[in-house]
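Shown below: data.cif, with mmCIF, C-alpha atoms and all ligand atoms.
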data_protein
loop_
_atom_site.group_PDB
_atom_site.id
_atom_site.type_symbol
_atom_site.label_atom_id
_atom_site.label_comp_id
_atom_site.auth_asym_id
_atom_site.auth_seq_id
_atom_site.Cartn_x
_atom_site.Cartn_y
_atom_site.Cartn_z
ATOM 1 C CA MET O 171 0.000 0.000 0.000
ATOM 2 C CA GLY O 172 1.245 3.509 -0.863
ATOM 3 C CA ILE O 173 1.346 6.540 1.398
ATOM 4 C CA ASP O 174 -2.010 7.939 2.488
ATOM 5 C CA LYS O 175 -2.821 11.417 1.197
ATOM 6 C CA ILE O 176 -5.379 13.229 3.325
ATOM 7 C CA LEU O 177 -7.865 15.966 2.360
ATOM 8 C CA ILE O 178 -9.701 17.925 5.049
ATOM 9 C CA THR O 179 -12.710 19.964 3.968
ATOM 10 C CA GLY O 180 -13.719 22.804 6.285
ATOM 11 C CA ALA O 181 -10.180 22.830 7.646
ATOM 12 C CA GLY O 182 -10.543 26.398 8.922
ATOM 13 C CA GLY O 183 -13.408 25.524 11.287
ATOM 14 C CA GLN O 184 -13.343 24.785 15.022
ATOM 15 C CA LEU O 185 -12.459 21.089 14.718
ATOM 16 C CA GLY O 186 -10.659 21.375 11.359
ATOM 17 C CA THR O 187 -8.072 23.830 12.667
ATOM 18 C CA VAL O 188 -6.881 21.377 15.332
ATOM 19 C CA LEU O 189 -7.467 18.139 13.417
ATOM 20 C CA THR O 190 -5.384 19.426 10.480
ATOM 21 C CA LYS O 191 -2.359 19.882 12.773
ATOM 22 C CA GLU O 192 -2.792 16.402 14.293
ATOM 23 C CA LEU O 193 -3.065 14.790 10.875
ATOM 24 C CA GLN O 194 -0.003 16.724 9.684
ATOM 25 C CA LYS O 195 1.902 15.270 12.668
ATOM 26 C CA LYS O 196 0.657 11.762 11.887
ATOM 27 C CA TYR O 197 1.014 11.703 8.096
ATOM 28 C CA GLY O 198 3.624 14.441 7.445
ATOM 29 C CA LEU O 199 3.132 18.007 6.214
ATOM 30 C CA ASP O 200 3.356 17.006 2.538
ATOM 31 C CA ASN O 201 0.656 14.352 2.823
ATOM 32 C CA VAL O 202 -2.137 16.516 4.242
ATOM 33 C CA VAL O 203 -4.138 18.971 2.132
ATOM 34 C CA ALA O 204 -6.265 21.439 4.086
ATOM 35 C CA SER O 205 -9.134 23.068 2.212
ATOM 36 C CA ASP O 206 -11.747 25.717 2.868
ATOM 37 C CA LEU O 207 -13.330 28.750 1.238
ATOM 38 C CA LYS O 208 -10.397 30.866 2.415
ATOM 39 C CA MET O 209 -7.001 30.254 3.940
ATOM 40 C CA LYS O 210 -6.323 31.217 7.576
ATOM 41 C CA PRO O 211 -3.469 33.677 8.190
ATOM 42 C CA ASN O 212 -0.156 31.971 9.054
ATOM 43 C CA PHE O 213 -1.385 28.534 7.903
ATOM 44 C CA GLU O 214 1.515 26.108 7.527
ATOM 45 C CA GLY O 215 1.271 23.263 5.024
ATOM 46 C CA CYS O 216 -0.554 22.522 1.823
ATOM 47 C CA PHE O 217 -3.787 24.470 1.339
ATOM 48 C CA GLU O 218 -6.358 24.527 -1.470
ATOM 49 C CA ILE O 219 -9.323 26.850 -1.781
ATOM 50 C CA VAL O 220 -12.214 24.495 -2.543
ATOM 51 C CA ASP O 221 -15.953 25.157 -2.501
ATOM 52 C CA VAL O 222 -17.260 21.661 -1.726
ATOM 53 C CA THR O 223 -20.645 22.501 -3.277
ATOM 54 C CA ASP O 224 -18.722 22.471 -6.585
ATOM 55 C CA LEU O 225 -18.271 18.801 -7.597
ATOM 56 C CA HIS O 226 -15.707 19.596 -10.292
ATOM 57 C CA ALA O 227 -13.546 21.748 -8.008
ATOM 58 C CA LEU O 228 -13.517 18.989 -5.384
ATOM 59 C CA LYS O 229 -12.725 16.309 -7.961
ATOM 60 C CA LYS O 230 -9.893 18.397 -9.414
ATOM 61 C CA CYS O 231 -8.329 18.782 -5.965
ATOM 62 C CA VAL O 232 -8.680 15.061 -5.144
ATOM 63 C CA LEU O 233 -7.089 14.014 -8.451
ATOM 64 C CA LYS O 234 -4.332 16.654 -8.302
ATOM 65 C CA HIS O 235 -3.155 15.462 -4.872
ATOM 66 C CA LYS O 236 -3.976 11.752 -5.347
ATOM 67 C CA ILE O 237 -6.105 11.873 -2.199
ATOM 68 C CA THR O 238 -6.821 8.533 -0.469
ATOM 69 C CA GLN O 239 -8.714 9.743 2.631
ATOM 70 C CA ILE O 240 -11.163 12.612 3.137
ATOM 71 C CA TYR O 241 -12.185 14.160 6.460
ATOM 72 C CA HIS O 242 -15.314 16.038 5.450
ATOM 73 C CA LEU O 243 -15.946 18.714 8.091
ATOM 74 C CA VAL O 244 -17.956 21.334 6.165
ATOM 75 C CA ALA O 245 -21.427 21.986 7.631
ATOM 76 C CA ILE O 246 -23.759 24.742 8.751
ATOM 77 C CA LEU O 247 -24.465 24.042 12.443
ATOM 78 C CA SER O 248 -27.632 23.854 14.532
ATOM 79 C CA ALA O 249 -28.302 27.469 15.524
ATOM 80 C CA LYS O 250 -27.045 29.247 12.394
ATOM 81 C CA GLY O 251 -28.816 26.697 10.206
ATOM 82 C CA GLU O 252 -32.227 27.761 11.503
ATOM 83 C CA ALA O 253 -31.860 31.234 9.951
ATOM 84 C CA ASP O 254 -32.265 29.752 6.462
ATOM 85 C CA PRO O 255 -33.499 26.141 6.651
ATOM 86 C CA LEU O 256 -33.585 25.360 2.914
ATOM 87 C CA ARG O 257 -30.128 26.789 2.272
ATOM 88 C CA THR O 258 -28.768 24.817 5.243
ATOM 89 C CA TRP O 259 -30.236 21.600 3.895
ATOM 90 C CA ASP O 260 -28.925 22.325 0.379
ATOM 91 C CA ILE O 261 -25.388 23.090 1.500
ATOM 92 C CA ASN O 262 -25.046 20.286 4.048
ATOM 93 C CA MET O 263 -26.446 17.637 1.713
ATOM 94 C CA LYS O 264 -24.802 18.881 -1.503
ATOM 95 C CA CYS O 265 -21.363 18.912 0.131
ATOM 96 C CA LEU O 266 -21.839 15.379 1.468
ATOM 97 C CA PHE O 267 -23.069 14.027 -1.887
ATOM 98 C CA ASN O 268 -20.087 15.592 -3.651
ATOM 99 C CA VAL O 269 -17.643 14.059 -1.168
ATOM 100 C CA LEU O 270 -19.278 10.621 -1.461
ATOM 101 C CA GLU O 271 -19.444 10.707 -5.250
ATOM 102 C CA VAL O 272 -15.886 11.970 -5.721
ATOM 103 C CA SER O 273 -14.643 9.356 -3.234
ATOM 104 C CA ARG O 274 -16.435 6.578 -5.090
ATOM 105 C CA LEU O 275 -15.231 7.731 -8.505
ATOM 106 C CA CYS O 276 -11.645 8.709 -7.646
ATOM 107 C CA ASN O 277 -10.422 5.764 -5.546
ATOM 108 C CA VAL O 278 -10.594 7.475 -2.170
ATOM 109 C CA ASN O 279 -10.507 4.544 0.223
ATOM 110 C CA LYS O 280 -11.661 6.078 3.540
ATOM 111 C CA VAL O 281 -13.952 8.957 4.470
ATOM 112 C CA PHE O 282 -14.684 10.547 7.842
ATOM 113 C CA TYR O 283 -18.126 12.143 8.229
ATOM 114 C CA PRO O 284 -18.956 13.987 11.454
ATOM 115 C CA SER O 285 -22.446 13.520 12.813
ATOM 116 C CA SER O 286 -23.742 15.155 15.986
ATOM 117 C CA ILE O 287 -25.932 14.877 19.080
ATOM 118 C CA ALA O 288 -28.231 17.098 16.970
ATOM 119 C CA VAL O 289 -29.624 13.900 15.403
ATOM 120 C CA PHE O 290 -31.609 13.341 18.606
ATOM 121 C CA GLY O 291 -34.991 14.965 19.156
ATOM 122 C CA ASP O 292 -37.949 15.065 21.489
ATOM 123 C CA GLU O 293 -38.620 11.312 21.465
ATOM 124 C CA ILE O 294 -35.440 10.159 23.182
ATOM 125 C CA GLU O 295 -34.589 9.111 26.707
ATOM 126 C CA MET O 296 -32.646 12.157 27.894
ATOM 127 C CA ASP O 297 -30.334 10.256 30.236
ATOM 128 C CA ASN O 298 -27.875 7.770 28.826
ATOM 129 C CA THR O 299 -29.454 8.202 25.378
ATOM 130 C CA PRO O 300 -29.085 4.908 23.512
ATOM 131 C CA GLN O 301 -27.399 4.353 20.159
ATOM 132 C CA SER O 302 -30.554 3.720 18.124
ATOM 133 C CA PRO O 303 -33.644 5.532 19.393
ATOM 134 C CA ASN O 304 -36.282 7.093 17.144
ATOM 135 C CA LEU O 305 -34.462 10.066 15.587
ATOM 136 C CA THR O 306 -36.742 13.115 15.260
ATOM 137 C CA PRO O 307 -34.395 16.126 15.256
ATOM 138 C CA LEU O 308 -35.808 19.631 15.701
ATOM 139 C CA THR O 309 -33.222 21.452 13.564
ATOM 140 C CA VAL O 310 -32.405 21.315 9.858
ATOM 141 C CA TYR O 311 -28.787 20.649 10.816
ATOM 142 C CA GLY O 312 -29.953 17.614 12.827
ATOM 143 C CA MET O 313 -32.159 16.468 9.929
ATOM 144 C CA SER O 314 -29.216 16.763 7.541
ATOM 145 C CA LYS O 315 -27.079 14.677 9.918
ATOM 146 C CA VAL O 316 -29.727 11.922 10.210
ATOM 147 C CA ALA O 317 -30.009 11.847 6.409
ATOM 148 C CA GLY O 318 -26.215 12.004 6.116
ATOM 149 C CA GLU O 319 -25.777 9.033 8.465
ATOM 150 C CA ASN O 320 -28.126 7.003 6.276
ATOM 151 C CA TRP O 321 -26.356 8.091 3.082
ATOM 152 C CA VAL O 322 -22.924 7.099 4.382
ATOM 153 C CA ASN O 323 -24.353 3.739 5.397
ATOM 154 C CA TYR O 324 -25.806 3.423 1.876
ATOM 155 C CA TYR O 325 -22.458 4.170 0.215
ATOM 156 C CA TYR O 326 -20.789 1.620 2.471
ATOM 157 C CA LYS O 327 -23.335 -1.090 1.704
ATOM 158 C CA ARG O 328 -23.835 -0.334 -1.975
ATOM 159 C CA TYR O 329 -20.319 0.682 -3.070
ATOM 160 C CA GLY O 330 -18.110 -0.613 -0.253
ATOM 161 C CA LEU O 331 -16.914 2.943 0.509
ATOM 162 C CA ASP O 332 -15.332 2.840 3.978
ATOM 163 C CA VAL O 333 -17.056 5.819 5.623
ATOM 164 C CA ARG O 334 -16.839 6.191 9.413
ATOM 165 C CA SER O 335 -18.754 8.564 11.616
ATOM 166 C CA ILE O 336 -19.143 9.871 15.170
ATOM 167 C CA ARG O 337 -22.020 11.797 16.771
ATOM 168 C CA TYR O 338 -19.961 14.558 18.364
ATOM 169 C CA PRO O 339 -21.121 16.254 21.541
ATOM 170 C CA GLY O 340 -20.348 20.009 21.766
ATOM 171 C CA ILE O 341 -16.592 20.340 21.258
ATOM 172 C CA ILE O 342 -14.667 22.595 23.663
ATOM 173 C CA GLY O 343 -11.168 23.805 22.838
ATOM 174 C CA TYR O 344 -9.021 26.921 23.235
ATOM 175 C CA GLN O 345 -7.317 26.800 19.830
ATOM 176 C CA SER O 346 -10.322 27.817 17.684
ATOM 177 C CA MET O 347 -13.796 29.309 17.972
ATOM 178 C CA PRO O 348 -16.987 27.423 17.154
ATOM 179 C CA GLY O 349 -19.482 29.121 14.853
ATOM 180 C CA GLY O 350 -23.251 28.839 14.818
ATOM 181 C CA GLY O 351 -23.808 25.986 17.272
ATOM 182 C CA THR O 352 -26.006 25.566 20.341
ATOM 183 C CA THR O 353 -23.097 24.370 22.500
ATOM 184 C CA ASP O 354 -20.980 27.456 21.603
ATOM 185 C CA TYR O 355 -21.738 29.044 24.985
ATOM 186 C CA ALA O 356 -19.389 26.510 26.592
ATOM 187 C CA VAL O 357 -16.414 27.940 24.678
ATOM 188 C CA ASP O 358 -17.433 31.618 24.909
ATOM 189 C CA ILE O 359 -17.757 31.416 28.698
ATOM 190 C CA TYR O 360 -14.025 30.661 29.084
ATOM 191 C CA HIS O 361 -13.009 33.590 26.868
ATOM 192 C CA LYS O 362 -15.177 35.975 28.892
ATOM 193 C CA ALA O 363 -13.812 34.662 32.201
ATOM 194 C CA VAL O 364 -10.200 35.124 31.139
ATOM 195 C CA LYS O 365 -10.935 38.601 29.773
ATOM 196 C CA GLU O 366 -12.570 39.300 33.148
ATOM 197 C CA GLU O 367 -15.846 40.294 31.529
ATOM 198 C CA PRO O 368 -19.336 39.195 32.654
ATOM 199 C CA PHE O 369 -20.957 36.405 30.654
ATOM 200 C CA SER O 370 -24.525 36.349 29.343
ATOM 201 C CA CYS O 371 -25.599 32.756 28.715
ATOM 202 C CA PHE O 372 -28.196 31.990 26.029
ATOM 203 C CA LEU O 373 -29.232 28.761 27.818
ATOM 204 C CA GLU O 374 -30.898 28.288 31.211
ATOM 205 C CA ALA O 375 -28.625 27.533 34.171
ATOM 206 C CA SER O 376 -29.694 23.882 34.514
ATOM 207 C CA THR O 377 -29.534 22.814 30.825
ATOM 208 C CA GLN O 378 -27.338 19.738 30.869
ATOM 209 C CA LEU O 379 -25.648 18.845 27.566
ATOM 210 C CA PRO O 380 -22.996 16.363 26.410
ATOM 211 C CA LEU O 381 -19.676 18.108 25.755
ATOM 212 C CA ILE O 382 -16.213 16.843 24.891
ATOM 213 C CA TYR O 383 -12.768 18.375 25.312
ATOM 214 C CA MET O 384 -11.001 18.967 21.987
ATOM 215 C CA ASP O 385 -8.151 16.477 22.618
ATOM 216 C CA ASP O 386 -10.681 13.719 23.304
ATOM 217 C CA ALA O 387 -12.639 14.631 20.145
ATOM 218 C CA ILE O 388 -9.478 14.507 18.026
ATOM 219 C CA ARG O 389 -8.283 11.243 19.563
ATOM 220 C CA ALA O 390 -11.714 9.633 19.061
ATOM 221 C CA THR O 391 -11.679 10.662 15.392
ATOM 222 C CA ILE O 392 -8.221 9.253 14.761
ATOM 223 C CA GLU O 393 -8.860 6.062 16.752
ATOM 224 C CA LEU O 394 -12.068 5.427 14.815
ATOM 225 C CA MET O 395 -10.306 6.005 11.488
ATOM 226 C CA ASP O 396 -7.375 3.760 12.501
ATOM 227 C CA ALA O 397 -9.534 0.881 13.774
ATOM 228 C CA PRO O 398 -9.525 -2.292 11.638
ATOM 229 C CA ALA O 399 -12.567 -2.281 9.318
ATOM 230 C CA GLU O 400 -14.007 -5.433 10.881
ATOM 231 C CA LYS O 401 -14.280 -3.637 14.258
ATOM 232 C CA ILE O 402 -16.597 -0.984 12.813
ATOM 233 C CA LYS O 403 -20.005 -2.498 13.394
ATOM 234 C CA ILE O 404 -22.010 0.733 13.101
ATOM 235 C CA ARG O 405 -21.937 2.294 9.658
ATOM 236 C CA THR O 406 -24.339 5.157 10.385
ATOM 237 C CA ALA O 407 -22.575 6.984 13.268
ATOM 238 C CA TYR O 408 -21.340 6.100 16.752
ATOM 239 C CA ASN O 409 -22.652 7.744 19.926
ATOM 240 C CA LEU O 410 -19.672 9.309 21.688
ATOM 241 C CA ALA O 411 -19.507 10.660 25.244
ATOM 242 C CA GLY O 412 -16.925 12.926 26.826
ATOM 243 C CA LEU O 413 -18.380 14.755 29.806
ATOM 244 C CA SER O 414 -21.807 16.243 30.562
ATOM 245 C CA CYS O 415 -22.641 19.456 32.386
ATOM 246 C CA SER O 416 -24.977 22.417 32.665
ATOM 247 C CA PRO O 417 -23.986 26.106 32.377
ATOM 248 C CA GLU O 418 -24.218 26.491 36.181
ATOM 249 C CA GLU O 419 -21.881 23.516 36.745
ATOM 250 C CA LEU O 420 -19.402 24.802 34.182
ATOM 251 C CA TYR O 421 -19.618 28.294 35.698
ATOM 252 C CA ALA O 422 -18.893 26.864 39.174
ATOM 253 C CA THR O 423 -15.602 25.324 38.007
ATOM 254 C CA ILE O 424 -14.541 28.673 36.503
ATOM 255 C CA LYS O 425 -15.598 30.602 39.619
ATOM 256 C CA ASN O 426 -13.152 28.505 41.650
ATOM 257 C CA ILE O 427 -10.417 30.211 39.616
ATOM 258 C CA TYR O 428 -12.097 33.595 39.043
ATOM 259 C CA PRO O 429 -14.204 34.222 42.182
ATOM 260 C CA ASN O 430 -15.556 37.544 40.795
ATOM 261 C CA PHE O 431 -16.722 36.079 37.478
ATOM 262 C CA GLU O 432 -20.389 36.937 36.860
ATOM 263 C CA ILE O 433 -23.002 35.126 34.795
ATOM 264 C CA THR O 434 -26.568 36.035 33.789
ATOM 265 C CA TYR O 435 -29.008 33.742 32.001
ATOM 266 C CA LYS O 436 -30.987 35.019 28.993
ATOM 267 C CA PRO O 437 -32.341 31.948 27.171
ATOM 268 C CA ASP O 438 -33.185 32.512 23.495
ATOM 269 C CA PHE O 439 -34.320 30.256 20.597
ATOM 270 C CA ARG O 440 -31.357 27.944 21.251
ATOM 271 C CA GLN O 441 -32.972 26.798 24.518
ATOM 272 C CA ALA O 442 -35.557 24.721 22.620
ATOM 273 C CA ILE O 443 -32.788 23.088 20.583
ATOM 274 C CA ALA O 444 -30.768 22.266 23.702
ATOM 275 C CA ASP O 445 -33.910 20.903 25.428
ATOM 276 C CA SER O 446 -34.312 18.356 22.614
ATOM 277 C CA TRP O 447 -30.748 17.052 22.996
ATOM 278 C CA PRO O 448 -29.594 14.406 25.513
ATOM 279 C CA ASN O 449 -28.307 15.105 29.019
ATOM 280 C CA THR O 450 -25.918 12.169 28.795
ATOM 281 C CA ILE O 451 -25.001 9.650 26.105
ATOM 282 C CA ASP O 452 -24.655 5.871 26.092
ATOM 283 C CA ASP O 453 -21.488 5.282 24.074
ATOM 284 C CA SER O 454 -21.043 1.610 24.951
ATOM 285 C CA SER O 455 -20.915 0.625 21.252
ATOM 286 C CA ALA O 456 -17.888 2.894 20.678
ATOM 287 C CA LYS O 457 -16.314 1.518 23.867
ATOM 288 C CA ASN O 458 -16.919 -2.103 22.868
ATOM 289 C CA ASP O 459 -16.163 -1.876 19.142
ATOM 290 C CA TRP O 460 -13.026 0.295 19.026
ATOM 291 C CA ASN O 461 -12.108 0.760 22.717
ATOM 292 C CA TRP O 462 -13.211 4.378 23.091
ATOM 293 C CA LYS O 463 -12.420 5.893 26.496
ATOM 294 C CA PRO O 464 -12.626 9.635 27.256
ATOM 295 C CA ALA O 465 -9.775 11.145 29.267
ATOM 296 C CA PHE O 466 -10.994 14.633 30.261
ATOM 297 C CA ASP O 467 -13.557 15.594 32.904
ATOM 298 C CA LEU O 468 -15.042 19.036 33.542
ATOM 299 C CA GLU O 469 -12.510 20.173 36.157
ATOM 300 C CA THR O 470 -9.496 19.161 34.060
ATOM 301 C CA MET O 471 -10.974 20.795 30.965
ATOM 302 C CA THR O 472 -11.538 24.057 32.854
ATOM 303 C CA GLN O 473 -7.975 24.099 34.175
ATOM 304 C CA ILE O 474 -6.549 23.568 30.694
ATOM 305 C CA MET O 475 -8.868 26.056 28.979
ATOM 306 C CA ILE O 476 -8.137 28.829 31.482
ATOM 307 C CA THR O 477 -4.374 28.263 31.479
ATOM 308 C CA ALA O 478 -4.173 28.228 27.669
ATOM 309 C CA LEU O 479 -6.450 31.233 27.135
ATOM 310 C CA LYS O 480 -4.632 33.273 29.785
ATOM 311 C CA LYS O 481 -1.421 32.698 27.856
ATOM 312 C CA GLU O 482 -3.090 33.580 24.556
ATOM 313 C CA TYR O 483 -4.651 36.846 25.776
ATOM 314 C CA LYS O 484 -1.388 37.867 27.442
ATOM 315 C CA THR O 485 0.453 37.373 24.139
ATOM 316 C CA VAL O 486 -2.183 39.354 22.253
ATOM 317 C CA THR O 487 -2.147 42.341 24.628
ATOM 318 C CA VAL O 488 1.651 42.583 25.119
HETATM 319 C C1 LIG N 1 -23.923 22.520 17.582
HETATM 320 O O1 LIG N 1 -24.133 22.983 18.722
HETATM 321 O O2 LIG N 1 -24.663 22.692 16.613
HETATM 322 C C2 LIG N 1 -22.713 21.633 17.397
HETATM 323 C C3 LIG N 1 -23.077 20.191 17.536
HETATM 324 C C4 LIG N 1 -23.387 19.634 18.866
HETATM 325 O O3 LIG N 1 -23.120 19.501 16.563
HETATM 326 N N1 LIG N 1 -21.705 21.981 18.335
#
Would you write out, as structure tokens, the structure that this file holds?
Amino acid sequence: MGIDKILITGAGGQLGTVLTKELQKKYGLDNVVASDLKMKPNFEGCFEIVDVTDLHALKKCVLKHKITQIYHLVAILSAKGEADPLRTWDINMKCLFNVLEVSRLCNVNKVFYPSSIAVFGDEIEMDNTPQSPNLTPLTVYGMSKVAGENWVNYYYKRYGLDVRSIRYPGIIGYQSMPGGGTTDYAVDIYHKAVKEEPFSCFLEASTQLPLIYMDDAIRATIELMDAPAEKIKIRTAYNLAGLSCSPEELYATIKNIYPNFEITYKPDFRQAIADSWPNTIDDSSAKNDWNWKPAFDLETMTQIMITALKKEYKTVTV
């Protein structure tokens, strides 16, 4: 087998920014192609501007670099997606179809497709939400992920395309900002604390949601992609758990470090979305099939986030 050549779509996003660096470490700078609609300042490595809604542009990039694996991260998320439901559906689905078709036609042998806790809706058990309940998402983003999970399963069964997927909880990291999600509050709160500004939370104090620290999210992605094919029993998407907490619990861990940090609660339309998502997730299939085990709890995550952001803001203001 030759060397793997990796393409990441949406490489400038919250997860893409960090995943690109990890994949560069794993496969070498020359074997990873990051792509997005525009390049981030100071990006190191190979970058291509690709609009994934354009099948021909994507195909050209895949052929030019002899890509063998695609991590397809482009999507409009839960909260932003509600501003224009039909456009969200069009973009999320069109991009996925283009990635699947180009992969099938151009000998790409593995694809990663991120799903989300947004696939769940108001018919689930909120605690320890099982792998396969009735999926009735409330957002267009969630609907596109349910459809996407079924399409990747279809491409696996019909064409043998090795697509693997995780239902990410809200991802929390200091290296990049999320954009347009319902779990974004849990990143913003750390930035406000370190800047010593009060925080206005768009969810109610007690709204428990599944979250995951960035390093766990990255490791889960790479472990899933590295697992032998016969271990991957679920070809829609795996439930994945990191930690679970409410805004008031997260706030309490920050207040231990910043005793004067203030929070107010002003729930908006995102409250209804959060209310339809699980409190906690049953990820026993991921644990059993490919040995998933999270490493970060809430307290550890808070320590790391605050330490890293303090450093970052100091550097920016000096
Ligand atoms: C969002 O809040 O939309 C995302 C997600 C959980 O998929 N962070």
Residues returned when the PyMOL selection byres (((chain O and resi 283-290) around 9) and not hetatm) runs on this file, as an NGL selection string | :O and (240-243 or 248 or 266 or 281-282 or 291-294 or 299 or 303-309 or 311-316 or 318-319 or 322 or 333-340 or 380 or 391 or 406-410 or 443-444 or 446-448 or 451)
Give me the result of the PyMOL selection byres (((chain O and resi 193) around 10) and not hetatm) on this file, residue by residue, as JSON, numbers by chain.
-> {"O": [176, 177, 178, 188, 189, 190, 191, 192, 194, 195, 196, 197, 198, 199, 201, 202, 203, 388, 392]}
Can you tell me, as AutoDock Vina command-line options, the centre and edge lengths (Å, one decimal) of the axis-aligned box enclosing all of stretch 209-214 of chain O's listed atoms after padding each side by 4 Å?
--center_x -2.7 --center_y 29.9 --center_z 6.5 --size_x 16.5 --size_y 15.6 --size_z 13.1
Length of the atom CA of O:Ala253 to atom C1 of ligand LIG 1 (chain N) vector [Å] |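 So the two atoms, atom CA of O:Ala253 and atom C1 of ligand LIG 1 (chain N), lie 14.0 Å apart.
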Using the chain letters and numbers from the file, which residues does the PyMOL selection byres (((chain O and resi 368) around 9) and not hetatm) grab, as number ranges by chain?
-> O: 359, 362-363, 365-367, 369-370, 431-434
Name all residues at most 9 Å from O:Lys463 (count only C-alpha atoms; drop same-chain ones fewer than 2 positions away) and give them as a list in words.
->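 Neighbouring residues, sequence-local ones excluded: Asp386, Ala390, Ala411, Gly412, Ala456, Lys457, Asn461 and Ala465 of chain O.
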Find the distance between atom CA of O:Val232 and atom CA of O:Val244 and write it in Å to one decimal.
->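 Separation between atom CA of O:Val232 and atom CA of O:Val244: 15.9 Å.
Rounded to one decimal, atom CA of O:Leu413 and atom CA of O:Trp462 lie 13.4 Å from each other.
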Name the closest residue to ligand LIG 1 (chain N) among the candidates O:Ile424, O:Leu270, O:Val364, O:Val310; distances are taken between atoms, counting all atoms listed in the file.
->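 For ligand LIG 1 (chain N), the nearest of the candidates is O:Val310.
Environment of (-11.1, 22.1, 36.0): residues at most 10 Å away, judged by all atoms listed in the file, are O:Leu420, O:Ala422, O:Thr423, O:Ile424, O:Asn426, O:Ile427, O:Phe466, O:Asp467, O:Leu468, O:Glu469, O:Thr470, O:Met471, O:Thr472, O:Gln473, O:Ile474, O:Met475, O:Ile476.
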Pick from O:Trp259, O:His361, O:Glu214, O:Ile237, whichever lies nearest to O:Tyr483 using all atoms listed in the file =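 Looking at the shortest contact to O:Tyr483, the residue is O:His361.
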Smallest atom-to-atom distance to ligand LIG 1 (chain N): which of O:Asn320, O:Cys276, O:His226, O:Val357, using all atoms listed in the file?
->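 Smallest separation from ligand LIG 1 (chain N) among the options: O:Val357.
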Sorted by chain and rising residue number, which residues of stretch 244-310 of chain O lie within 12 Å of stretch 218-221 of chain O, and what are their closest atom pairs and distances in Å to one decimal, counting only C-alpha atoms, as JSON lines?
{"residue": "O:Val244", "atom": "CA", "partner": "O:Asp221", "partner_atom": "CA", "distance": 9.7}
{"residue": "O:Ala245", "atom": "CA", "partner": "O:Asp221", "partner_atom": "CA", "distance": 11.9}
{"residue": "O:Ile261", "atom": "CA", "partner": "O:Asp221", "partner_atom": "CA", "distance": 10.5}
{"residue": "O:Lys264", "atom": "CA", "partner": "O:Asp221", "partner_atom": "CA", "distance": 10.9}
{"residue": "O:Cys265", "atom": "CA", "partner": "O:Asp221", "partner_atom": "CA", "distance": 8.7}
{"residue": "O:Asn268", "atom": "CA", "partner": "O:Asp221", "partner_atom": "CA", "distance": 10.5}
{"residue": "O:Val269", "atom": "CA", "partner": "O:Asp221", "partner_atom": "CA", "distance": 11.3}
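Across O:Asn430, O:Thr450, O:Ser205, O:Thr223, the tightest approach to O:Asn262 is made by O:Thr223 when counting only C-alpha atoms.
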Rank nothing, just name the residue among O:Pro417, O:Leu233, O:Pro348, O:Tyr435 nearest to O:Gly183, using all atoms listed in the file.
->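 For O:Gly183, the nearest of the given residues is O:Pro348.
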O:Asp438 environment, 7 Å, all atoms listed in the file, sequence neighbours closer than 3 positions dropped, as a PDB file with C-alpha atoms, keeping the file's coordinate frame:
ATOM      1  CA  PHE O 372     -28.196  31.990  26.029  1.00  0.00           C
ATOM      2  CA  LEU O 373     -29.232  28.761  27.818  1.00  0.00           C
ATOM      3  CA  GLN O 441     -32.972  26.798  24.518  1.00  0.00           C
TER       4      GLN O 441
END
Could you tell me which of O:Lys210, O:Lys401, O:Arg328, O:Lys250 comes closest to ligand LIG 1 (chain N) if we count all atoms listed in the file?
->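 Counting all atoms listed in the file, the residue closest to ligand LIG 1 (chain N) is O:Lys250.
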With all atoms listed in the file counted, which protein, DNA or RNA residues have an atom no more than 12 Å from (-1.7, 1.5, -6.1) in the file frame? Please answer as a PyMOL selection string.
-> chain O and resi 171-174+236-238+277-279
